[in-house]
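These notes concern the structure reproduced below.
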Amino acid sequence: MAAPLPFRTARRLVLEHVAAAQVPPPAEIVELTSADQRVLAQDVYADRDYPTLDRTARDGFAVRSADLPGRLRVIGEVRAGARFTRAVGPGECVEIMTGAPIPDGADSVVMVEHVRRDGDWIEYESAVPAGQFINERGSEATHDALLLRAGTRIGYAEVAMLAAVGCARVSVFRKPSVAIIATGDELVEPGEPAEAHQIRNSNAYSVAAQVARAGGIPVILPVARDRLGATRALIEEGLTYDLLLLSGGVSAGKYDVVELALAALRADVVFDRVAIQPGQPLVFGRVRARFFFGLPGNPASTLVTFELFAKAALEMLGGEPARDILFTQARLTQPYKHRGGLTRFLPALVTGDADLTPIQWTGSSDIAALTRANAFMVVDADRMEWAVGDWMPVLLK
Ligand code: AMP
Ligand code: MG
């Protein structure tokens, strides 16, 4: 068995292998109302200048800056959606509402709160610079500018952008299908009665939730019992999907047959051990042009290794570019020590102003502890001790 790879090395290998094999997935058209969280399959350009005209960013009066300070006559009003057809001459101004176009002749806006109004006259007591409170035509984007690139995951800001440029329908990549196979003689399904020596299959369901969040279509296949033939047959079925995720059966136990079944199918194994906790026996590779992950079976190992490795592969199969994993930083509320050598991803609670508190747990089978956490603290393999107040990277859950 090869030495376990450092976390960063293993992650880089996943990104490199998937990137090298990446072909853009087929595209489909969806309505804008169904576009959130999908991945753009088209570039999106500005269909006109944004803003299309010089517009006011405040309610107030459109003025000629050279006239101020001074007393100005209000010659009319312009509101959002309307246009003022006359020009503003010396000593004149136009009442204006947020979003309305600046009338010809005016070059600045004063806020309604800052003027004294007396019938058709206003008075303003200081000088104003030209351009004040004006969003200039084309200042946000010019006609034909590239606004969104293919491969961008659509979020609510992107939905706003698509709507603003008139994309009522949009081309997105088809979601990759993901086969999920849990392994183990001890497993029973959540809807079935479980005897004391049996364990409910939680991994298939947590992984399915993670797959759906990462933009894939999860398909839970039947549980593979711990026999070579049965496991191999299910893997064959799993290879008809875009990605194959297995849970369990990758440790060194007598009944851990997943790696044997993969070897029988002549899989290319890129790595089968990573120096992390939980999740050390993680397997990644390729069989017949399909990538697979053998996620270690303990529930925490399964969901952590999905987040750290399989998620990125799935995102790329869905048309997104490779990207770095994003850790934030939080400050320990208690000292922390470990033996080093492994990068640990431990359940933790981030509260208030980035305070980080590890959660007591019995180890990687402790699902209850995972539900009390909102993050995993990322414990550096090359450092052994941290004091109260030290910053530590954190992967938010
Ligand atoms: P394994 O990697 O197959 O040795 O499994 C490690 C531990 O995780 C064992 O205690 C298993 O019972 C447990 N486990 C394996 N698969 C699942 C699953 N699908 N759901 C919940 N626990 C599991
Ligand atoms: Mg097992």
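Residues are referred to by chain and number: the chain letter is A, B, ... according to the order shown in the structure tokens, the number counts from 1 in that chain, and ligands are numbered separately from 1 in the order shown.
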Which residues form the shell of 6 Å around ligand 2 when you count only C-alpha atoms and all ligand atoms, given as a ChimeraX atom specification? /A:183-184,248-249,256
Neighbour list for Phe284 (chain A) as a ChimeraX atom specification, cut-off 8 Å, only C-alpha atoms, skip fewer than 3 positions in-chain: /A:14,269-272,291-294
Just want the residues within 7 Å of ligand 1, written as a JSON list (two decimals) with C-alpha atoms, in the first residue's frame, counting only C-alpha atoms and all ligand atoms.
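In the end it all went to result.json:
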[["chain", "number", "residue", "atom", "x", "y", "z"],
["A", 182, "ALA", "CA", -23.40, 2.07, -0.08],
["A", 183, "THR", "CA", -21.66, -1.14, 0.87],
["A", 184, "GLY", "CA", -21.96, -3.38, 3.91],
["A", 186, "GLU", "CA", -24.74, -4.58, 8.32],
["A", 187, "LEU", "CA", -26.83, -1.98, 6.49],
["A", 199, "ILE", "CA", -26.82, -0.03, 11.10],
["A", 200, "ARG", "CA", -29.12, 2.15, 9.06],
["A", 201, "ASN", "CA", -27.74, 3.24, 5.74],
["A", 202, "SER", "CA", -27.25, 6.94, 6.40],
["A", 203, "ASN", "CA", -24.39, 7.51, 3.96],
["A", 204, "ALA", "CA", -26.39, 6.98, 0.79],
["A", 247, "SER", "CA", -19.26, 4.37, 0.56],
["A", 248, "GLY", "CA", -17.52, 1.89, 2.83],
["A", 249, "GLY", "CA", -15.55, -1.23, 2.08],
["A", 250, "VAL", "CA", -12.26, 0.56, 1.42],
["A", 251, "SER", "CA", -10.45, -0.09, 4.71],
["A", 253, "GLY", "CA", -10.72, -5.34, 6.75],
["A", 256, "ASP", "CA", -13.65, -4.65, 2.45],
["A", 296, "PRO", "CA", -14.61, 5.60, 3.63],
["A", 297, "GLY", "CA", -17.70, 4.21, 5.37],
["A", 298, "ASN", "CA", -17.79, 5.96, 8.72],
["A", 299, "PRO", "CA", -20.47, 8.65, 8.37],
["A", 365, "SER", "CA", -19.22, 7.43, 13.60]]
Quick check for you: according to DSSP on this backbone, which residues of region 60-308 of chain A are classed as strand (DSSP E)? Reply as a PyMOL selection string. chain A and resi 60-63+70-78+92-96+108-111+116-118+121-124+134-135+146-148+169-173+177-182+187-188+199-200+217-220+243-247+268-271+276-277+283-287+290-295
File of the preceding selection, C-alpha atoms, as a compact mmCIF listing (two decimals), in the first residue's frame:
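What ended up in out-v2.txt:
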# COMPACT_ATOMS: atom_id res chain seq x y z
CA GLY A 60 -34.00 65.48 -5.28
CA PHE A 61 -33.43 68.10 -7.95
CA ALA A 62 -31.45 67.97 -11.18
CA VAL A 63 -29.42 71.17 -11.32
CA GLY A 70 -28.26 79.82 -5.17
CA ARG A 71 -31.99 80.01 -5.73
CA LEU A 72 -33.45 77.95 -8.58
CA ARG A 73 -36.86 77.79 -10.24
CA VAL A 74 -38.45 74.29 -10.43
CA ILE A 75 -39.64 73.93 -14.04
CA GLY A 76 -41.11 70.43 -13.77
CA GLU A 77 -40.54 66.88 -12.55
CA VAL A 78 -39.22 63.63 -13.93
CA GLU A 92 -33.61 76.37 -13.37
CA CYS A 93 -33.92 72.86 -11.95
CA VAL A 94 -36.17 69.80 -12.29
CA GLU A 95 -37.55 67.73 -9.45
CA ILE A 96 -36.25 64.17 -9.97
CA SER A 108 -25.71 67.30 -10.99
CA VAL A 109 -28.30 66.28 -8.39
CA VAL A 110 -28.96 67.71 -4.94
CA MET A 111 -30.90 65.64 -2.41
CA ARG A 116 -35.34 74.57 1.21
CA ARG A 117 -38.39 74.59 -0.99
CA ASP A 118 -40.80 77.45 -1.36
CA TRP A 121 -38.43 77.73 -5.94
CA ILE A 122 -35.65 75.92 -4.08
CA GLU A 123 -32.67 77.27 -2.28
CA TYR A 124 -29.36 75.41 -1.84
CA ILE A 134 -25.40 60.67 -11.18
CA ASN A 135 -24.82 57.12 -12.43
CA LEU A 146 -18.87 40.27 -21.36
CA LEU A 147 -20.88 40.08 -18.13
CA LEU A 148 -21.03 36.36 -17.29
CA ARG A 169 -34.43 31.77 -20.92
CA VAL A 170 -30.85 30.72 -20.54
CA SER A 171 -28.59 27.92 -21.70
CA VAL A 172 -27.20 25.82 -18.83
CA PHE A 173 -25.21 22.59 -18.66
CA SER A 177 -25.90 11.98 -12.89
CA VAL A 178 -24.24 10.40 -9.89
CA ALA A 179 -24.58 6.75 -8.86
CA ILE A 180 -24.38 6.20 -5.12
CA ILE A 181 -23.58 2.74 -3.80
CA ALA A 182 -23.40 2.07 -0.08
CA LEU A 187 -26.83 -1.98 6.49
CA VAL A 188 -30.59 -1.67 6.53
CA ILE A 199 -26.82 -0.03 11.10
CA ARG A 200 -29.12 2.15 9.06
CA ILE A 217 -28.63 14.27 -9.91
CA PRO A 218 -28.19 11.61 -7.21
CA VAL A 219 -29.33 8.06 -7.94
CA ILE A 220 -29.13 5.69 -4.99
CA LEU A 243 -19.80 9.78 -11.65
CA LEU A 244 -19.71 6.85 -9.25
CA LEU A 245 -19.58 7.27 -5.48
CA LEU A 246 -19.16 4.28 -3.20
CA SER A 247 -19.26 4.37 0.56
CA ASP A 268 -6.87 3.11 -12.66
CA VAL A 269 -6.45 4.04 -9.01
CA VAL A 270 -4.93 7.52 -8.63
CA PHE A 271 -4.66 7.23 -4.83
CA ILE A 276 -6.50 13.19 6.68
CA GLN A 277 -8.77 12.46 9.60
CA VAL A 283 -9.91 5.98 -2.99
CA PHE A 284 -10.02 7.99 -6.22
CA GLY A 285 -9.63 6.76 -9.76
CA ARG A 286 -11.13 5.99 -13.09
CA VAL A 287 -12.71 2.96 -14.73
CA ARG A 290 -15.75 7.23 -15.48
CA PHE A 291 -14.33 8.73 -12.33
CA PHE A 292 -15.14 7.11 -9.02
CA PHE A 293 -14.55 7.79 -5.37
CA GLY A 294 -14.47 5.06 -2.76
CA LEU A 295 -15.49 7.13 0.25
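You can rank A:Pro176, A:Leu53, A:Arg12, A:Leu68 by their closest distance to Leu317 (chain A) using only C-alpha atoms, and at the top of that list sits A:Pro176.
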